[in-house]
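Listing of entry_15.csv; format and content: CSV, C-alpha atoms and all ligand atoms.
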chain,number,residue,atom,x,y,z
I,1,MET,CA,-62.4,30.4,-134.9
I,2,LYS,CA,-61.3,27.3,-132.9
I,3,THR,CA,-60.3,24.1,-134.7
I,4,ALA,CA,-63.1,21.6,-134.5
I,5,LYS,CA,-62.6,18.2,-132.8
I,6,PRO,CA,-65.0,15.3,-132.1
I,7,PHE,CA,-67.9,16.6,-129.9
I,8,ILE,CA,-68.4,13.1,-128.5
I,9,LYS,CA,-66.1,10.4,-127.1
I,10,TRP,CA,-66.2,7.3,-129.2
I,11,VAL,CA,-64.6,3.8,-128.9
I,12,GLY,CA,-61.8,3.6,-131.4
I,13,GLY,CA,-61.6,7.4,-131.8
I,14,LYS,CA,-58.6,8.4,-133.9
I,15,SER,CA,-57.6,11.7,-132.2
I,16,ARG,CA,-54.4,10.4,-130.7
I,17,LEU,CA,-53.2,8.8,-134.0
I,18,LEU,CA,-53.9,11.8,-136.3
I,19,ASP,CA,-50.2,12.8,-136.8
I,20,GLN,CA,-49.2,9.2,-137.6
I,21,LEU,CA,-52.2,8.8,-140.0
I,22,GLU,CA,-51.4,11.9,-141.9
I,23,VAL,CA,-48.2,10.5,-143.2
I,24,PHE,CA,-50.3,7.9,-145.0
I,25,PHE,CA,-52.7,10.3,-146.7
I,26,PRO,CA,-52.7,10.1,-150.6
I,27,ARG,CA,-50.5,12.8,-152.2
I,28,GLU,CA,-53.6,13.8,-154.3
I,29,LEU,CA,-55.2,15.1,-151.0
I,30,LYS,CA,-52.1,17.2,-150.3
I,31,ASN,CA,-51.9,18.6,-153.8
I,32,GLY,CA,-55.6,19.5,-154.0
I,33,ARG,CA,-56.7,16.9,-156.7
I,34,ILE,CA,-59.0,15.1,-154.2
I,35,LYS,CA,-62.4,16.9,-154.2
I,36,GLN,CA,-64.4,14.6,-152.0
I,37,TYR,CA,-64.0,12.9,-148.7
I,38,VAL,CA,-66.1,9.8,-147.7
I,39,GLU,CA,-66.1,8.3,-144.2
I,40,PRO,CA,-68.7,5.4,-143.9
I,41,PHE,CA,-67.8,4.3,-140.3
I,42,LEU,CA,-67.9,7.9,-138.9
I,43,GLY,CA,-68.0,7.4,-135.1
I,44,GLY,CA,-66.4,10.5,-133.5
I,45,GLY,CA,-65.2,11.7,-136.9
I,46,ALA,CA,-61.7,12.7,-135.7
I,47,LEU,CA,-60.2,12.3,-139.2
I,48,PHE,CA,-63.0,14.2,-140.9
I,49,PHE,CA,-62.5,17.2,-138.6
I,50,ALA,CA,-58.7,17.1,-139.1
I,51,ILE,CA,-59.0,16.9,-142.9
I,52,SER,CA,-61.7,19.5,-143.2
I,53,GLU,CA,-59.5,21.9,-141.3
I,54,LYS,CA,-56.4,21.4,-143.3
I,55,TYR,CA,-57.3,20.4,-146.9
I,56,LYS,CA,-59.6,21.9,-149.5
I,57,ILE,CA,-62.4,19.4,-149.7
I,58,LYS,CA,-65.4,20.5,-151.8
I,59,ASN,CA,-67.8,18.0,-150.1
I,60,ALA,CA,-67.8,15.2,-147.6
I,61,CYS,CA,-70.2,12.2,-147.3
I,62,LEU,CA,-70.3,11.0,-143.7
I,63,SER,CA,-72.3,8.0,-142.5
I,64,ASP,CA,-72.6,5.5,-139.8
I,65,MET,CA,-75.3,2.9,-139.1
I,66,ASN,CA,-75.9,4.3,-135.6
I,67,LYS,CA,-79.0,6.4,-136.2
I,68,ASP,CA,-78.8,8.4,-133.0
I,69,LEU,CA,-75.2,9.3,-133.6
I,70,ILE,CA,-76.1,10.6,-137.1
I,71,LEU,CA,-79.2,12.4,-135.8
I,72,THR,CA,-76.8,14.2,-133.4
I,73,TYR,CA,-74.4,15.2,-136.2
I,74,ILE,CA,-77.3,16.6,-138.3
I,75,ILE,CA,-78.4,18.7,-135.3
I,76,VAL,CA,-74.9,20.0,-134.7
I,77,GLN,CA,-74.7,20.8,-138.4
I,78,GLN,CA,-78.1,22.5,-138.7
I,79,LYS,CA,-79.3,23.7,-135.3
I,80,PRO,CA,-76.2,24.3,-133.1
I,81,GLU,CA,-77.6,27.2,-131.1
I,82,PHE,CA,-80.8,25.4,-130.1
I,83,LEU,CA,-78.7,22.3,-129.1
I,84,LEU,CA,-76.4,24.5,-127.0
I,85,ASP,CA,-79.4,25.9,-125.0
I,86,TYR,CA,-80.2,22.3,-124.0
I,87,LEU,CA,-76.6,21.4,-123.3
I,88,LYS,CA,-76.2,24.5,-121.1
I,89,GLN,CA,-79.2,23.5,-119.0
I,90,PHE,CA,-77.8,19.9,-118.6
I,91,GLN,CA,-74.4,21.3,-117.6
I,92,ASP,CA,-75.8,23.7,-115.0
I,93,GLU,CA,-78.1,21.0,-113.5
I,94,TYR,CA,-75.3,18.4,-113.4
I,95,ASP,CA,-72.7,20.7,-111.9
I,96,SER,CA,-75.1,21.7,-109.1
I,97,MET,CA,-75.6,18.1,-108.0
I,98,ASP,CA,-73.8,15.6,-105.8
I,99,GLN,CA,-72.8,12.2,-107.3
I,100,GLU,CA,-76.0,10.5,-106.0
I,101,LYS,CA,-78.3,13.0,-107.6
I,102,ARG,CA,-76.3,12.9,-110.8
I,103,THR,CA,-76.8,9.2,-111.1
I,104,VAL,CA,-80.5,9.7,-110.6
I,105,LEU,CA,-80.5,12.3,-113.4
I,106,PHE,CA,-78.4,10.1,-115.6
I,107,LEU,CA,-80.8,7.2,-115.2
I,108,SER,CA,-83.9,9.3,-115.9
I,109,VAL,CA,-82.4,10.7,-119.1
I,110,ARG,CA,-81.3,7.2,-120.2
I,111,GLU,CA,-84.8,5.9,-119.6
I,112,HIS,CA,-86.4,8.7,-121.5
I,113,PHE,CA,-83.9,8.3,-124.4
I,114,ASN,CA,-84.7,4.6,-124.6
I,115,LYS,CA,-88.5,5.1,-124.5
I,116,GLN,CA,-88.4,7.9,-127.0
I,117,ARG,CA,-86.7,5.8,-129.7
I,118,PHE,CA,-90.1,4.4,-130.9
I,119,GLU,CA,-91.5,7.9,-131.5
I,120,ILE,CA,-88.6,9.3,-133.5
I,121,ASN,CA,-88.8,9.5,-137.3
I,122,TYR,CA,-85.1,9.2,-138.1
I,123,ARG,CA,-85.7,10.0,-141.8
I,124,LYS,CA,-87.1,13.5,-141.2
I,125,ILE,CA,-85.6,16.2,-139.1
I,126,SER,CA,-88.1,17.6,-136.6
I,127,GLU,CA,-88.2,19.6,-133.3
I,128,ASN,CA,-87.9,16.5,-131.1
I,129,TRP,CA,-84.5,15.8,-132.7
I,130,ILE,CA,-82.9,18.7,-130.8
I,131,PRO,CA,-83.5,17.5,-127.2
I,132,ARG,CA,-82.7,13.9,-128.3
I,133,ALA,CA,-79.3,15.1,-129.7
I,134,ALA,CA,-78.7,16.9,-126.4
I,135,GLN,CA,-79.6,13.7,-124.5
I,136,PHE,CA,-77.2,11.7,-126.7
I,137,ILE,CA,-74.3,14.1,-125.9
I,138,PHE,CA,-75.2,14.2,-122.2
I,139,LEU,CA,-75.3,10.4,-121.9
I,140,ASN,CA,-72.0,10.1,-123.9
I,141,LYS,CA,-70.2,12.6,-121.7
I,142,THR,CA,-71.5,11.2,-118.4
I,143,CYS,CA,-71.7,7.5,-119.0
I,144,PHE,CA,-68.9,5.0,-118.2
I,145,ASN,CA,-66.0,5.6,-120.6
I,146,GLY,CA,-68.1,7.2,-123.4
I,147,LEU,CA,-69.3,3.7,-124.4
I,148,PHE,CA,-72.3,3.2,-126.7
I,149,ARG,CA,-73.7,-0.2,-126.0
I,150,LEU,CA,-77.2,-1.6,-126.7
I,151,ASN,CA,-78.8,-4.6,-125.0
I,152,SER,CA,-80.9,-7.2,-127.0
I,153,LYS,CA,-83.9,-4.9,-126.8
I,154,LYS,CA,-81.8,-2.1,-128.5
I,155,GLU,CA,-81.8,-0.1,-125.3
I,156,PHE,CA,-78.8,2.0,-124.4
I,157,ASN,CA,-77.6,0.3,-121.2
I,158,VAL,CA,-74.2,1.8,-120.2
I,159,PRO,CA,-74.0,2.8,-116.5
I,160,HIS,CA,-73.3,6.3,-115.1
I,161,GLY,CA,-69.5,7.1,-115.2
I,162,ARG,CA,-69.4,9.0,-111.9
I,163,HIS,CA,-66.5,11.2,-113.2
I,164,LYS,CA,-65.7,14.3,-111.1
I,165,THR,CA,-66.5,16.6,-114.0
I,166,ALA,CA,-68.1,16.2,-117.4
I,167,ALA,CA,-67.7,18.6,-120.4
I,168,ILE,CA,-71.3,18.5,-121.6
I,169,PHE,CA,-71.5,22.1,-122.8
I,170,ASP,CA,-68.6,23.0,-125.1
I,171,GLU,CA,-70.0,26.0,-127.0
I,172,GLU,CA,-66.8,26.8,-129.0
I,173,ASN,CA,-66.4,23.3,-130.2
I,174,VAL,CA,-70.0,22.7,-131.1
I,175,LEU,CA,-70.0,25.9,-133.2
I,176,ALA,CA,-66.6,25.0,-134.8
I,177,ALA,CA,-67.9,21.4,-135.6
I,178,SER,CA,-71.1,22.9,-137.1
I,179,THR,CA,-69.0,25.1,-139.4
I,180,ALA,CA,-66.8,22.2,-140.4
I,181,LEU,CA,-69.9,20.1,-141.2
I,182,GLN,CA,-71.5,22.7,-143.6
I,183,ASN,CA,-70.4,21.0,-146.8
I,184,ALA,CA,-71.1,17.5,-145.6
I,185,VAL,CA,-74.0,15.2,-146.5
I,186,ILE,CA,-74.7,13.1,-143.4
I,187,THR,CA,-76.7,9.9,-143.6
I,188,PRO,CA,-77.6,7.0,-141.3
I,189,SER,CA,-76.6,4.0,-143.5
I,190,LYS,CA,-74.5,0.9,-143.8
I,191,TYR,CA,-71.1,1.3,-145.2
I,192,ALA,CA,-71.8,-0.3,-148.6
I,193,ASP,CA,-74.4,2.5,-149.3
I,194,CYS,CA,-71.5,4.8,-150.0
I,195,TYR,CA,-70.7,3.0,-153.3
I,196,ASN,CA,-72.7,5.4,-155.5
I,197,LYS,CA,-71.1,8.5,-154.0
I,198,VAL,CA,-67.5,7.4,-154.6
I,199,ASP,CA,-65.6,8.5,-157.8
I,200,GLN,CA,-61.9,8.7,-158.8
I,201,ASP,CA,-61.5,12.1,-157.1
I,202,THR,CA,-62.6,10.7,-153.7
I,203,PHE,CA,-60.6,9.8,-150.6
I,204,VAL,CA,-62.4,7.1,-148.6
I,205,TYR,CA,-61.3,6.3,-145.0
I,206,PHE,CA,-62.7,3.2,-143.4
I,207,ASP,CA,-62.5,2.8,-139.7
I,208,PRO,CA,-64.7,-0.3,-139.0
I,209,PRO,CA,-65.2,-2.0,-135.7
I,210,TYR,CA,-61.9,-3.8,-135.2
I,211,ARG,CA,-61.4,-7.5,-135.4
I,212,PRO,CA,-60.9,-8.5,-131.8
I,213,ILE,CA,-57.2,-9.2,-131.0
I,214,THR,CA,-58.1,-11.6,-128.2
I,215,GLN,CA,-61.2,-13.4,-127.0
I,216,THR,CA,-61.5,-10.9,-124.2
I,217,SER,CA,-61.2,-7.8,-126.3
I,218,SER,CA,-64.3,-8.8,-128.4
I,219,PHE,CA,-66.3,-5.7,-127.5
I,220,THR,CA,-67.6,-4.6,-130.9
I,221,SER,CA,-71.2,-4.1,-130.2
I,222,TYR,CA,-71.5,-0.4,-131.0
I,223,THR,CA,-74.9,-0.7,-132.5
I,224,GLY,CA,-76.0,-4.1,-131.4
I,225,ASN,CA,-74.4,-5.7,-134.5
I,226,ASP,CA,-71.2,-7.6,-134.4
I,227,PHE,CA,-68.4,-7.3,-136.9
I,228,CYS,CA,-66.8,-10.7,-137.0
I,229,ASP,CA,-64.4,-12.3,-139.5
I,230,LYS,CA,-67.3,-12.9,-142.0
I,231,GLN,CA,-68.1,-9.1,-142.0
I,232,GLN,CA,-64.4,-8.3,-142.2
I,233,ILE,CA,-64.0,-10.4,-145.3
I,234,GLU,CA,-67.1,-8.8,-146.9
I,235,LEU,CA,-65.6,-5.3,-146.2
I,236,ALA,CA,-62.3,-6.4,-147.8
I,237,GLU,CA,-64.4,-7.4,-150.9
I,238,PHE,CA,-66.1,-4.1,-150.9
I,239,TYR,CA,-62.7,-2.3,-150.6
I,240,SER,CA,-61.4,-4.2,-153.6
I,241,LYS,CA,-64.6,-3.5,-155.6
I,242,LEU,CA,-64.2,0.3,-155.0
I,243,ASP,CA,-60.6,0.0,-156.0
I,244,ARG,CA,-61.4,-1.8,-159.3
I,245,GLU,CA,-64.5,0.0,-160.3
I,246,LYS,CA,-64.1,3.6,-159.0
I,247,GLY,CA,-60.3,4.2,-158.8
I,248,ALA,CA,-60.8,6.1,-155.6
I,249,LYS,CA,-58.0,6.5,-153.0
I,250,LEU,CA,-58.8,4.1,-150.1
I,251,MET,CA,-57.3,3.9,-146.5
I,252,LEU,CA,-58.6,1.4,-143.9
I,253,SER,CA,-57.6,1.0,-140.2
I,254,ASN,CA,-57.9,-2.3,-138.3
I,255,SER,CA,-56.3,-4.1,-135.4
I,256,ASP,CA,-53.0,-5.9,-135.9
I,257,PRO,CA,-53.4,-9.6,-135.1
I,258,SER,CA,-49.6,-10.0,-134.7
I,259,ASN,CA,-49.8,-8.1,-131.5
I,260,ASN,CA,-50.9,-11.4,-130.0
I,261,ASN,CA,-50.1,-14.1,-132.6
I,262,PRO,CA,-47.3,-13.6,-135.2
I,263,ASN,CA,-48.8,-16.4,-137.2
I,264,ASP,CA,-52.2,-14.8,-137.7
I,265,HIS,CA,-52.1,-13.4,-141.3
I,266,PHE,CA,-55.8,-12.7,-141.6
I,267,PHE,CA,-55.4,-9.2,-143.1
I,268,GLU,CA,-52.5,-10.0,-145.3
I,269,LYS,CA,-54.8,-12.6,-146.9
I,270,ALA,CA,-57.9,-10.5,-147.0
I,271,TYR,CA,-56.0,-7.5,-148.5
I,272,SER,CA,-53.4,-9.2,-150.5
I,273,GLY,CA,-51.9,-6.9,-153.2
I,274,TYR,CA,-52.5,-3.8,-151.1
I,275,ASN,CA,-50.1,-1.8,-149.0
I,276,ILE,CA,-50.2,-2.8,-145.4
I,277,SER,CA,-48.5,-0.6,-142.8
I,278,LYS,CA,-48.3,-0.5,-139.0
I,279,VAL,CA,-48.9,2.5,-136.8
I,280,PHE,CA,-48.1,2.6,-133.1
I,281,ALA,CA,-51.3,2.7,-131.1
I,282,GLY,CA,-50.0,2.7,-127.6
I,283,ARG,CA,-48.5,0.3,-125.0
I,284,ALA,CA,-50.2,-2.5,-123.2
I,285,VAL,CA,-49.1,-4.4,-120.1
I,286,ASN,CA,-47.5,-7.6,-121.2
I,287,CYS,CA,-48.4,-10.4,-118.7
I,288,LYS,CA,-45.1,-12.2,-119.3
I,289,GLY,CA,-42.6,-10.6,-117.0
I,290,GLY,CA,-44.8,-7.5,-116.5
I,291,LYS,CA,-43.2,-5.6,-119.4
I,292,ARG,CA,-45.2,-3.1,-121.4
I,293,GLY,CA,-45.5,-4.3,-125.0
I,294,LYS,CA,-46.0,-2.2,-128.1
I,295,ILE,CA,-49.5,-2.3,-129.6
I,296,ASN,CA,-49.8,-1.6,-133.3
I,297,GLU,CA,-52.7,-1.0,-135.6
I,298,LEU,CA,-52.8,-1.8,-139.4
I,299,LEU,CA,-53.3,0.8,-142.1
I,300,ILE,CA,-54.2,-0.5,-145.5
I,301,THR,CA,-54.0,1.7,-148.6
I,302,ASN,CA,-54.5,1.1,-152.3
I,303,TYR,CA,-51.8,3.6,-153.2
I,304,GLU,CA,-48.1,4.1,-152.5
I,305,THR,CA,-47.5,6.0,-149.2
I,306,TYR,CA,-44.6,7.9,-147.7
I,307,GLY,CA,-45.0,5.7,-144.5
I,308,LYS,CA,-43.3,2.5,-143.8
I,309,THR,CA,-45.0,-0.6,-145.4
I,310,ILE,CA,-44.7,-4.1,-143.9
O,1,LIG,C1,-64.3,2.2,-134.8
O,1,LIG,S1,-65.8,3.1,-134.8
O,1,LIG,C2,-65.3,4.4,-135.8
O,1,LIG,C3,-64.3,5.3,-135.0
O,1,LIG,C4,-64.2,6.7,-135.7
O,1,LIG,N1,-63.6,6.6,-137.0
O,1,LIG,C5,-63.6,7.7,-134.7
O,1,LIG,O1,-62.6,8.3,-135.1
O,1,LIG,O2,-64.1,7.9,-133.7
O,1,LIG,C6,-66.8,2.1,-135.9
O,1,LIG,C7,-68.2,2.7,-136.2
O,1,LIG,O3,-68.8,1.9,-137.2
O,1,LIG,C8,-70.2,1.9,-137.1
O,1,LIG,N2,-70.7,0.7,-137.7
O,1,LIG,C9,-70.6,-0.6,-137.3
O,1,LIG,N3,-71.0,-1.5,-138.3
O,1,LIG,C10,-71.3,-0.7,-139.4
O,1,LIG,C11,-71.8,-0.9,-140.7
O,1,LIG,N4,-72.1,-2.2,-141.1
O,1,LIG,N5,-72.0,0.1,-141.5
O,1,LIG,C12,-71.8,1.4,-141.1
O,1,LIG,N6,-71.3,1.7,-139.9
O,1,LIG,C13,-71.1,0.7,-139.0
O,1,LIG,C14,-70.4,1.9,-135.6
O,1,LIG,O4,-71.6,2.5,-135.3
O,1,LIG,C15,-69.2,2.8,-135.1
O,1,LIG,O5,-69.6,4.2,-135.0
Show me the file's structure as structure tokens.
Amino acid sequence: MKTAKPFIKWVGGKSRLLDQLEVFFPRELKNGRIKQYVEPFLGGGALFFAISEKYKIKNACLSDMNKDLILTYIIVQQKPEFLLDYLKQFQDEYDSMDQEKRTVLFLSVREHFNKQRFEINYRKISENWIPRAAQFIFLNKTCFNGLFRLNSKKEFNVPHGRHKTAAIFDEENVLAASTALQNAVITPSKYADCYNKVDQDTFVYFDPPYRPITQTSSFTSYTGNDFCDKQQIELAEFYSKLDREKGAKLMLSNSDPSNNNPNDHFFEKAYSGYNISKVFAGRAVNCKGGKRGKINELLITNYETYGKTI
């Protein structure tokens, strides 16, 4: 069977960094002593799919506070065939249309998706979860850049992407993702709710909304809730609590403030005493002289790694 990969596009997705991140995994994951994987800011789940493919993990606890994202994961896990029927219909309809008609279809699905949120019981799986999961995937694949943004009324408001093609129906990958998710417990919750699940044989990966590098990059509104410095500090305190009280292996990603300001030591202060490393996340156009500068991300672990620590 095909290797599973994220079945949605997600801001901050880690697919392109997987090889670099693997260098920093705890050796207990590689030698089989880690039994459980916990990912409390799940998003597209790129790391979960990579780890579940390669390592022997008995169970995984996956969560995110985006309820529609989690609803969709649960449908992929439990009802993939029914979901695929809906996705096939969407794909056929979309492919047969010109761009104007596609926009009309996109807007009508978006309107229905927004109206229906009041009728959904997110705590109990039901028949109407399946078409909603299909709508979530349809909107994700056809909207502008795969963004998920809510307005103040909590309505999804991203415009139609008008791409030439959209991979709405990916049967092989949905089935592979469903298989990978079979030993996962998937819950809509805030990250701190994972506390009770974590023990010393757990590897926890945190990929929170990043601290904005610049004023203009402050797009963090995945769910309508911002993740500013106050929330970053609270997360650092939670990280330290898990380290002290549970003895789990912890790895956390975030933006690197020194990309813009070498004197900004926010994360060195918040995570003092832990290992902070840099991974190369791409290149950005440097306004000064038009050169393309290196953009790094931080990786913070509570264990020694084989990677280079700053
Ligand atoms: C950077 S994304 C995760 C990217 C993901 N690891 C991937 O590879 O695609 C951050 C996620 O955190 C979620 N989130 C934001 N605040 C949260 C909170 N307080 N508790 C749990 N999840 C939260 C958002 O819904 C979003 O999906």
Item to check | Within-9 Å residues of ligand LIG 1 (chain O), basis all atoms listed in the file, as an NGL selection string | outcome: :I and (6 or 8-15 or 39-48 or 63-67 or 69 or 148 or 188-193 or 205-210 or 220-227 or 231 or 235 or 253-254)
Checklist entry - Suppose you want the space between CA of Met97 in chain I and CA of Leu147 in chain I; what is it in Å? => result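 That distance, rounded to one decimal, is 22.7 Å.
The interatomic distance for the pair CA of Ala184 in chain I and CA of Asn196 in chain I works out to 15.7 Å.
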Checklist outcome for this item: Nearest to Lys278 in chain I, restricted to all atoms listed in the file and choosing among I:Ser152, I:Ile51, I:Phe7, I:Gln20, comes out as I:Gln20
Checklist entry - By how many Å are CA of Ala4 in chain I and CA of Asn173 in chain I apart? => result 5.7 Å
Checklist entry - Asn183 in chain I: which residues within 10 Å, counting all atoms listed in the file, same-chain residues fewer than 2 positions away excluded, as a PyMOL selection string? => result chain I and resi 52+57-61+77+178-181+185-186
If you keep C-alpha atoms, can you produce a file of those selected residues as a PDB file, keeping the file's coordinate frame?
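The resulting file, part16.pdb, is reproduced below:
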ATOM      1  CA  SER I  52     -61.700  19.500-143.200  1.00  0.00           C
ATOM      2  CA  ILE I  57     -62.400  19.400-149.700  1.00  0.00           C
ATOM      3  CA  LYS I  58     -65.400  20.500-151.800  1.00  0.00           C
ATOM      4  CA  ASN I  59     -67.800  18.000-150.100  1.00  0.00           C
ATOM      5  CA  ALA I  60     -67.800  15.200-147.600  1.00  0.00           C
ATOM      6  CA  CYS I  61     -70.200  12.200-147.300  1.00  0.00           C
ATOM      7  CA  GLN I  77     -74.700  20.800-138.400  1.00  0.00           C
ATOM      8  CA  SER I 178     -71.100  22.900-137.100  1.00  0.00           C
ATOM      9  CA  THR I 179     -69.000  25.100-139.400  1.00  0.00           C
ATOM     10  CA  ALA I 180     -66.800  22.200-140.400  1.00  0.00           C
ATOM     11  CA  LEU I 181     -69.900  20.100-141.200  1.00  0.00           C
ATOM     12  CA  VAL I 185     -74.000  15.200-146.500  1.00  0.00           C
ATOM     13  CA  ILE I 186     -74.700  13.100-143.400  1.00  0.00           C
TER      14      ILE I 186
END
Item to check | Within 7 Å of range 98-109 of chain I using all atoms listed in the file, minus same-chain residues under 2 positions, as a PyMOL selection string | outcome: chain I and resi 94+111-113+135+160+162
Checklist entry - Using all atoms listed in the file, which residue out of I:Asp68, I:Glu304, I:Glu53, I:Glu245 lies closest to Gln200 in chain I? => result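 The answer is I:Glu245, which sits nearest to Gln200 in chain I.
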Next on the checklist: Taking 3 positions as the minimum chain separation for residues in the same chain, which residues sit within 8 Å of Val204 in chain I when counting all atoms listed in the file? Answer as a ChimeraX atom specification.
Outcome noted: /I:37-39,198,248-251
Quick one: write out the picked residues with C-alpha atoms as a PDB file, in the coordinates of the input?
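New file result16.pdb:
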ATOM      1  CA  TYR I  37     -64.000  12.900-148.700  1.00  0.00           C
ATOM      2  CA  VAL I  38     -66.100   9.800-147.700  1.00  0.00           C
ATOM      3  CA  GLU I  39     -66.100   8.300-144.200  1.00  0.00           C
ATOM      4  CA  VAL I 198     -67.500   7.400-154.600  1.00  0.00           C
ATOM      5  CA  ALA I 248     -60.800   6.100-155.600  1.00  0.00           C
ATOM      6  CA  LYS I 249     -58.000   6.500-153.000  1.00  0.00           C
ATOM      7  CA  LEU I 250     -58.800   4.100-150.100  1.00  0.00           C
ATOM      8  CA  MET I 251     -57.300   3.900-146.500  1.00  0.00           C
TER       9      MET I 251
END
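Considering the residues I:Leu71, I:Glu297, I:Tyr274, I:Thr165 and counting only C-alpha atoms, Asn121 in chain I has its shortest atom-to-atom contact with I:Leu71.
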Checklist outcome for this item: Counting only C-alpha atoms, the residue among I:Asp170, I:Gln89, I:Asn296, I:Ala270 that lies closest to Gly282 in chain I is I:Asn296
Checklist entry - Which is closest to Glu172 in chain I among I:Ala50, I:Val23, I:Leu84, I:Ala281, if we use all atoms listed in the file? => result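 Ranking I:Ala50, I:Val23, I:Leu84, I:Ala281 by distance to Glu172 in chain I, first place goes to I:Leu84.
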Item to check | Top pick for closest residue to Thr305 in chain I, considering I:Cys194, I:Ile74, I:Cys143, I:Ile276 and counting only C-alpha atoms | outcome: I:Ile276
Kindly add N, CA and C atoms to the incomplete range 13-29 of chain I and provide the output as a tab-separated table (two decimals), in the coordinates of the input.
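New file result04.tsv:
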chain	number	residue	atom	x	y	z
I	13	GLY	N	-61.80	6.05	-131.28
I	13	GLY	CA	-61.60	7.40	-131.80
I	13	GLY	C	-60.10	7.58	-132.20
I	14	LYS	N	-59.90	8.33	-133.28
I	14	LYS	CA	-58.60	8.40	-133.90
I	14	LYS	C	-57.78	9.65	-133.49
I	15	SER	N	-58.30	10.46	-132.56
I	15	SER	CA	-57.60	11.70	-132.20
I	15	SER	C	-56.15	11.56	-131.93
I	16	ARG	N	-55.83	10.54	-131.15
I	16	ARG	CA	-54.40	10.40	-130.70
I	16	ARG	C	-53.51	9.88	-131.81
I	17	LEU	N	-54.07	9.39	-132.92
I	17	LEU	CA	-53.20	8.80	-134.00
I	17	LEU	C	-53.13	9.75	-135.20
I	18	LEU	N	-53.74	10.95	-135.10
I	18	LEU	CA	-53.90	11.80	-136.30
I	18	LEU	C	-52.52	12.10	-136.96
I	19	ASP	N	-51.49	12.44	-136.16
I	19	ASP	CA	-50.20	12.80	-136.80
I	19	ASP	C	-49.60	11.61	-137.52
I	20	GLN	N	-49.77	10.41	-136.96
I	20	GLN	CA	-49.20	9.20	-137.60
I	20	GLN	C	-50.02	8.93	-138.91
I	21	LEU	N	-51.35	9.08	-138.85
I	21	LEU	CA	-52.20	8.80	-140.00
I	21	LEU	C	-51.92	9.71	-141.18
I	22	GLU	N	-51.61	10.94	-140.86
I	22	GLU	CA	-51.40	11.90	-141.90
I	22	GLU	C	-50.30	11.57	-142.87
I	23	VAL	N	-49.30	10.90	-142.34
I	23	VAL	CA	-48.20	10.50	-143.20
I	23	VAL	C	-48.65	9.56	-144.31
I	24	PHE	N	-49.77	8.88	-144.07
I	24	PHE	CA	-50.30	7.90	-145.00
I	24	PHE	C	-51.36	8.45	-145.97
I	25	PHE	N	-51.68	9.72	-145.85
I	25	PHE	CA	-52.70	10.30	-146.70
I	25	PHE	C	-52.22	10.26	-148.17
I	26	PRO	N	-53.13	10.14	-149.15
I	26	PRO	CA	-52.70	10.10	-150.60
I	26	PRO	C	-52.13	11.50	-150.95
I	27	ARG	N	-51.13	11.50	-151.84
I	27	ARG	CA	-50.50	12.80	-152.20
I	27	ARG	C	-51.57	13.67	-152.93
I	28	GLU	N	-52.58	13.05	-153.57
I	28	GLU	CA	-53.60	13.80	-154.30
I	28	GLU	C	-54.46	14.66	-153.27
I	29	LEU	N	-54.49	14.26	-152.01
I	29	LEU	CA	-55.20	15.10	-151.00
I	29	LEU	C	-54.35	16.31	-150.71
